[in-house]
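Notes for the one structure printed next.
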Amino acid sequence: MLQVGLTGNIGSGKTTVCKVFEKLGVPVFYADLRARMIMDREEVTARVAGTFGKEILDAEGKLNRRTLAGIVFNDKEKLALLNGIIHPLVREDFLGWVGENKEEPYIIKEAAILFEAGMASQFDKIIVVAAPLEVRIARVMHRDGVSREEVLGRAANQFDEEELVARADYVIHNDDRQLVVPTILCIDQSLRSLQQF
């Protein structure tokens with residue numbers, strides 16, 4: 001089984017692309033979604049609050065993600081602290097998930113900071129979803145109801161798109177002008193053929 005990493009900058013359309021792969025029968029592990037689920041565990045919430053203070057909790061003792069994001073996305077050291085808590089737990093979760101899907105020709109792990117977190121070497125192939133900056137900003141502002149400045153603050157923690165594209169084995173241009181499905185079909189065929197050898 002091939003392990004494929006899929007990444008791209010915020011607003012590039014990673015999830016949309018992954019949904020197409022899922023339609024083709026490819027199992028997809030959504031790292032950010034799994035991280036959110038893990039952060040909702042009582043013991044993990046307590047650990048994060050112990051690190052960043054009780055002000056990141058709402059009245060019910062649950063994580064206030066917006067408050068936490070405001071803290072970590074503006075401070076690289078604090079972001080590294082949070083990642084140090086969450087990433088090992090997501091990695092453990094991923095390894096169990098891989099075991100459940102070991103009969104598949106290939107699986108995809110979708111992760112926003114695959115290169116930034118030093119995870120790229122764990123994968124046989126890397127797919128990058130690319131889109132122009134202004135398109136990405138507009139998508140995230142619309143999707144999350146946040147300001148342009150907030151989007152740029154989050155994007156500042158990611159590699160430049162040119163660097164991601166240069167490191168990719170496959171690139172999907174999701175710029176609202178080119179059709180992405182034919183590219184995805186070609187990548188799927190290529191990955192399945194690699195698994196046959």
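Ligands are numbered from 1 in the order shown, residues from 1 within each chain, and chains are lettered A, B, ... in the order they appear in the structure tokens.
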
Which residues, written as a list in words, have at least one atom at most 8 Å from A:Glu161, with only C-alpha atoms counted and residues fewer than 3 positions away on the same chain left out?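 Contacts, in chain order: Gly8, Asn9, Ala130, Leu164 and Val165 of chain A.
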
For the residues selected in the previous step, produce a file with N, CA and C atoms as a PDB file, in the first residue's frame.
```
ATOM      1  N   GLY A   8      -1.502  21.638   0.807  1.00  0.00           N
ATOM      2  CA  GLY A   8      -1.733  22.867   0.061  1.00  0.00           C
ATOM      3  C   GLY A   8      -2.024  23.955   1.064  1.00  0.00           C
ATOM      4  N   ASN A   9      -1.837  25.179   0.666  1.00  0.00           N
ATOM      5  CA  ASN A   9      -2.044  26.289   1.581  1.00  0.00           C
ATOM      6  C   ASN A   9      -3.523  26.493   1.894  1.00  0.00           C
ATOM      7  N   ALA A 130      -2.919  23.577  -5.460  1.00  0.00           N
ATOM      8  CA  ALA A 130      -2.459  24.959  -5.600  1.00  0.00           C
ATOM      9  C   ALA A 130      -3.587  25.860  -6.090  1.00  0.00           C
ATOM     10  N   LEU A 164       5.978  24.647  -2.133  1.00  0.00           N
ATOM     11  CA  LEU A 164       5.180  23.421  -2.066  1.00  0.00           C
ATOM     12  C   LEU A 164       5.145  22.724  -3.423  1.00  0.00           C
ATOM     13  N   VAL A 165       4.875  23.500  -4.462  1.00  0.00           N
ATOM     14  CA  VAL A 165       4.785  22.948  -5.825  1.00  0.00           C
ATOM     15  C   VAL A 165       6.117  22.317  -6.241  1.00  0.00           C
TER      16      VAL A 165
END
```

Stretch 9-111 of chain A near stretch 172-186 of chain A within 9 Å: what's each residue's closest atom pair and its distance in Å to one decimal, counting only C-alpha atoms, ordered by chain then ascending residue number, as CSV?
```
residue,atom,partner,partner_atom,distance
A:Ser12,CA,A:Asn174,CA,6.7
A:Gly13,CA,A:Asn174,CA,6.7
A:Lys14,CA,A:Asn174,CA,8.9
A:Val17,CA,A:Ile184,CA,7.8
A:Val20,CA,A:Val181,CA,7.4
A:Phe21,CA,A:Ile184,CA,7.3
A:Leu24,CA,A:Leu185,CA,8.6
```

Show me, as JSON lines, the residues of stretch 129-186 of chain A having an atom within 12 Å of stretch 73-89 of chain A, each with the closest atom pair and its distance in Å, using only C-alpha atoms.
```
{"residue": "A:Glu149", "atom": "CA", "partner": "A:Asn74", "partner_atom": "CA", "distance": 11.1}
{"residue": "A:Glu150", "atom": "CA", "partner": "A:Phe73", "partner_atom": "CA", "distance": 8.8}
{"residue": "A:Val151", "atom": "CA", "partner": "A:Phe73", "partner_atom": "CA", "distance": 9.9}
{"residue": "A:Leu152", "atom": "CA", "partner": "A:Phe73", "partner_atom": "CA", "distance": 9.9}
{"residue": "A:Gly153", "atom": "CA", "partner": "A:Phe73", "partner_atom": "CA", "distance": 6.3}
{"residue": "A:Arg154", "atom": "CA", "partner": "A:Phe73", "partner_atom": "CA", "distance": 5.7}
{"residue": "A:Ala155", "atom": "CA", "partner": "A:Phe73", "partner_atom": "CA", "distance": 9.0}
{"residue": "A:Ala156", "atom": "CA", "partner": "A:Phe73", "partner_atom": "CA", "distance": 8.4}
{"residue": "A:Asn157", "atom": "CA", "partner": "A:Phe73", "partner_atom": "CA", "distance": 7.3}
{"residue": "A:Gln158", "atom": "CA", "partner": "A:Phe73", "partner_atom": "CA", "distance": 10.7}
```

Produce a file of the selected residues containing N, CA and C atoms, as a PDB file, in the first residue's frame.
```pdb
ATOM      1  N   GLU A 149      -7.029  39.915   7.144  1.00  0.00           N
ATOM      2  CA  GLU A 149      -5.847  39.897   8.013  1.00  0.00           C
ATOM      3  C   GLU A 149      -5.726  38.564   8.750  1.00  0.00           C
ATOM      4  N   GLU A 150      -6.861  38.028   9.204  1.00  0.00           N
ATOM      5  CA  GLU A 150      -6.839  36.734   9.892  1.00  0.00           C
ATOM      6  C   GLU A 150      -6.382  35.622   8.951  1.00  0.00           C
ATOM      7  N   VAL A 151      -6.854  35.672   7.702  1.00  0.00           N
ATOM      8  CA  VAL A 151      -6.435  34.660   6.715  1.00  0.00           C
ATOM      9  C   VAL A 151      -4.936  34.763   6.474  1.00  0.00           C
ATOM     10  N   LEU A 152      -4.445  35.987   6.292  1.00  0.00           N
ATOM     11  CA  LEU A 152      -3.014  36.185   6.037  1.00  0.00           C
ATOM     12  C   LEU A 152      -2.183  35.765   7.242  1.00  0.00           C
ATOM     13  N   GLY A 153      -2.729  35.957   8.451  1.00  0.00           N
ATOM     14  CA  GLY A 153      -2.023  35.526   9.662  1.00  0.00           C
ATOM     15  C   GLY A 153      -1.856  34.016   9.701  1.00  0.00           C
ATOM     16  N   ARG A 154      -2.906  33.302   9.325  1.00  0.00           N
ATOM     17  CA  ARG A 154      -2.823  31.832   9.282  1.00  0.00           C
ATOM     18  C   ARG A 154      -1.878  31.384   8.164  1.00  0.00           C
ATOM     19  N   ALA A 155      -1.979  32.049   7.019  1.00  0.00           N
ATOM     20  CA  ALA A 155      -1.159  31.670   5.865  1.00  0.00           C
ATOM     21  C   ALA A 155       0.327  31.906   6.119  1.00  0.00           C
ATOM     22  N   ALA A 156       0.634  32.833   7.021  1.00  0.00           N
ATOM     23  CA  ALA A 156       2.036  33.157   7.313  1.00  0.00           C
ATOM     24  C   ALA A 156       2.784  31.980   7.925  1.00  0.00           C
ATOM     25  N   ASN A 157       2.055  31.014   8.471  1.00  0.00           N
ATOM     26  CA  ASN A 157       2.689  29.843   9.085  1.00  0.00           C
ATOM     27  C   ASN A 157       2.899  28.704   8.087  1.00  0.00           C
ATOM     28  N   GLN A 158       2.595  28.954   6.814  1.00  0.00           N
ATOM     29  CA  GLN A 158       2.747  27.923   5.791  1.00  0.00           C
ATOM     30  C   GLN A 158       3.825  28.335   4.787  1.00  0.00           C
TER      31      GLN A 158
END
```

Which residues are close to A:Asn64, i.e. within 12 Å by only C-alpha atoms, leaving aside same-chain residues fewer than 2 positions away? Reply as a list in words.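 After dropping sequence-adjacent residues, the list is Arg36, Met39, Asp40, Thr45, Val48, Ala49, Phe52, Gly53, Lys54, Glu55, Ile56, Leu57, Asp58, Ala59, Glu60, Gly61, Lys62, Arg66, Thr67, Leu68, Ala69, Gly70 and Ile71 of chain A.
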
- Message: For a quick check of understanding, using only C-alpha atoms, which of A:Phe29, A:Phe115, A:Tyr170, A:Phe159 has the smallest distance to A:Gln3?
- Response: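 Of the candidates, the smallest distance to A:Gln3 is held by A:Phe29.
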
Apply DSSP to the backbone of this structure and, from stretch 7-197 of chain A, keep only the residues in strand (DSSP E or B); write these as number ranges by chain. A: 7, 28-30, 57, 63, 106-110, 125-130, 170-173

Next, write the just-selected residues to a file, as a PDB file, in the first residue's frame, keeping N, CA and C atoms as the atom set.
```pdb
ATOM      1  N   THR A   7      -1.362  18.033   0.471  1.00  0.00           N
ATOM      2  CA  THR A   7      -1.270  19.295   1.189  1.00  0.00           C
ATOM      3  C   THR A   7      -1.521  20.460   0.250  1.00  0.00           C
ATOM      4  N   VAL A  28      -9.343   8.479   2.880  1.00  0.00           N
ATOM      5  CA  VAL A  28      -8.666   9.748   3.171  1.00  0.00           C
ATOM      6  C   VAL A  28      -8.713  10.010   4.670  1.00  0.00           C
ATOM      7  N   PHE A  29      -7.551  10.302   5.226  1.00  0.00           N
ATOM      8  CA  PHE A  29      -7.412  10.680   6.634  1.00  0.00           C
ATOM      9  C   PHE A  29      -7.276  12.197   6.675  1.00  0.00           C
ATOM     10  N   TYR A  30      -8.259  12.869   7.276  1.00  0.00           N
ATOM     11  CA  TYR A  30      -8.251  14.331   7.368  1.00  0.00           C
ATOM     12  C   TYR A  30      -7.574  14.740   8.675  1.00  0.00           C
ATOM     13  N   LEU A  57     -10.873  28.510  27.293  1.00  0.00           N
ATOM     14  CA  LEU A  57     -12.058  27.678  27.513  1.00  0.00           C
ATOM     15  C   LEU A  57     -13.315  28.544  27.523  1.00  0.00           C
ATOM     16  N   LEU A  63     -12.987  23.916  24.567  1.00  0.00           N
ATOM     17  CA  LEU A  63     -12.030  24.791  23.886  1.00  0.00           C
ATOM     18  C   LEU A  63     -12.754  25.849  23.065  1.00  0.00           C
ATOM     19  N   TYR A 106      -3.761   2.439  -2.247  1.00  0.00           N
ATOM     20  CA  TYR A 106      -3.106   3.597  -1.624  1.00  0.00           C
ATOM     21  C   TYR A 106      -4.109   4.338  -0.741  1.00  0.00           C
ATOM     22  N   ILE A 107      -3.542   5.081   0.203  1.00  0.00           N
ATOM     23  CA  ILE A 107      -4.363   5.911   1.089  1.00  0.00           C
ATOM     24  C   ILE A 107      -3.800   7.334   1.023  1.00  0.00           C
ATOM     25  N   ILE A 108      -4.637   8.295   1.425  1.00  0.00           N
ATOM     26  CA  ILE A 108      -4.208   9.699   1.425  1.00  0.00           C
ATOM     27  C   ILE A 108      -4.340  10.262   2.831  1.00  0.00           C
ATOM     28  N   LYS A 109      -3.312  10.980   3.256  1.00  0.00           N
ATOM     29  CA  LYS A 109      -3.401  11.779   4.479  1.00  0.00           C
ATOM     30  C   LYS A 109      -3.408  13.243   4.058  1.00  0.00           C
ATOM     31  N   GLU A 110      -4.514  13.926   4.341  1.00  0.00           N
ATOM     32  CA  GLU A 110      -4.637  15.349   4.025  1.00  0.00           C
ATOM     33  C   GLU A 110      -4.152  16.137   5.231  1.00  0.00           C
ATOM     34  N   LYS A 125       4.467   9.389  -1.926  1.00  0.00           N
ATOM     35  CA  LYS A 125       4.214  10.437  -2.920  1.00  0.00           C
ATOM     36  C   LYS A 125       3.512  11.604  -2.233  1.00  0.00           C
ATOM     37  N   ILE A 126       3.697  12.796  -2.799  1.00  0.00           N
ATOM     38  CA  ILE A 126       3.064  14.004  -2.274  1.00  0.00           C
ATOM     39  C   ILE A 126       2.258  14.683  -3.375  1.00  0.00           C
ATOM     40  N   ILE A 127       1.008  15.014  -3.053  1.00  0.00           N
ATOM     41  CA  ILE A 127       0.141  15.799  -3.936  1.00  0.00           C
ATOM     42  C   ILE A 127      -0.010  17.187  -3.323  1.00  0.00           C
ATOM     43  N   VAL A 128       0.170  18.224  -4.127  1.00  0.00           N
ATOM     44  CA  VAL A 128      -0.057  19.596  -3.673  1.00  0.00           C
ATOM     45  C   VAL A 128      -1.235  20.179  -4.441  1.00  0.00           C
ATOM     46  N   VAL A 129      -2.178  20.762  -3.697  1.00  0.00           N
ATOM     47  CA  VAL A 129      -3.297  21.481  -4.300  1.00  0.00           C
ATOM     48  C   VAL A 129      -2.916  22.958  -4.291  1.00  0.00           C
ATOM     49  N   ALA A 130      -2.919  23.577  -5.460  1.00  0.00           N
ATOM     50  CA  ALA A 130      -2.459  24.959  -5.600  1.00  0.00           C
ATOM     51  C   ALA A 130      -3.587  25.860  -6.090  1.00  0.00           C
ATOM     52  N   TYR A 170       2.923  15.433  -7.513  1.00  0.00           N
ATOM     53  CA  TYR A 170       1.762  15.758  -8.354  1.00  0.00           C
ATOM     54  C   TYR A 170       1.216  17.107  -7.895  1.00  0.00           C
ATOM     55  N   VAL A 171       0.737  17.918  -8.846  1.00  0.00           N
ATOM     56  CA  VAL A 171       0.133  19.215  -8.522  1.00  0.00           C
ATOM     57  C   VAL A 171      -1.254  19.284  -9.149  1.00  0.00           C
ATOM     58  N   ILE A 172      -2.222  19.719  -8.339  1.00  0.00           N
ATOM     59  CA  ILE A 172      -3.586  19.941  -8.823  1.00  0.00           C
ATOM     60  C   ILE A 172      -3.863  21.436  -8.731  1.00  0.00           C
ATOM     61  N   HIS A 173      -4.073  22.088  -9.867  1.00  0.00           N
ATOM     62  CA  HIS A 173      -4.350  23.525  -9.887  1.00  0.00           C
ATOM     63  C   HIS A 173      -5.849  23.737  -9.720  1.00  0.00           C
TER      64      HIS A 173
END
```

re atom CA of A:Gly11 and atom CA of A:Ala117: distance 18.6 Å

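Nearest residue to A:Leu6, choosing from A:Asp124, A:Glu42, A:Glu134, A:Asp93 and counting only C-alpha atoms: A:Asp124.
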
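The nearest approach to A:Ala35 among the residues A:Val4, A:Ile10, A:Thr16, A:Val90, with only C-alpha atoms taken into account, belongs to A:Val90.
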
The residue from A:Arg167, A:Arg136, A:Asp32, A:Leu194 with the smallest atom-to-atom distance to A:Ala120, counting only C-alpha atoms, is A:Arg167

Next item on the list: Go through stretch 49-175 of chain A and collect every residue that DSSP, computed from the backbone, puts in helix (DSSP H, G or I); the answer should be as a count of residues only.
Entry: 70

Next on the checklist: Could you check the closest approach to A:Ala168 for each of A:Asp144, A:Thr51, A:Gly5, A:Ile137 and tell me which residue wins, using only C-alpha atoms?
Outcome noted: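 Looking only at the distances to A:Ala168, the closest residue turns out to be A:Gly5.
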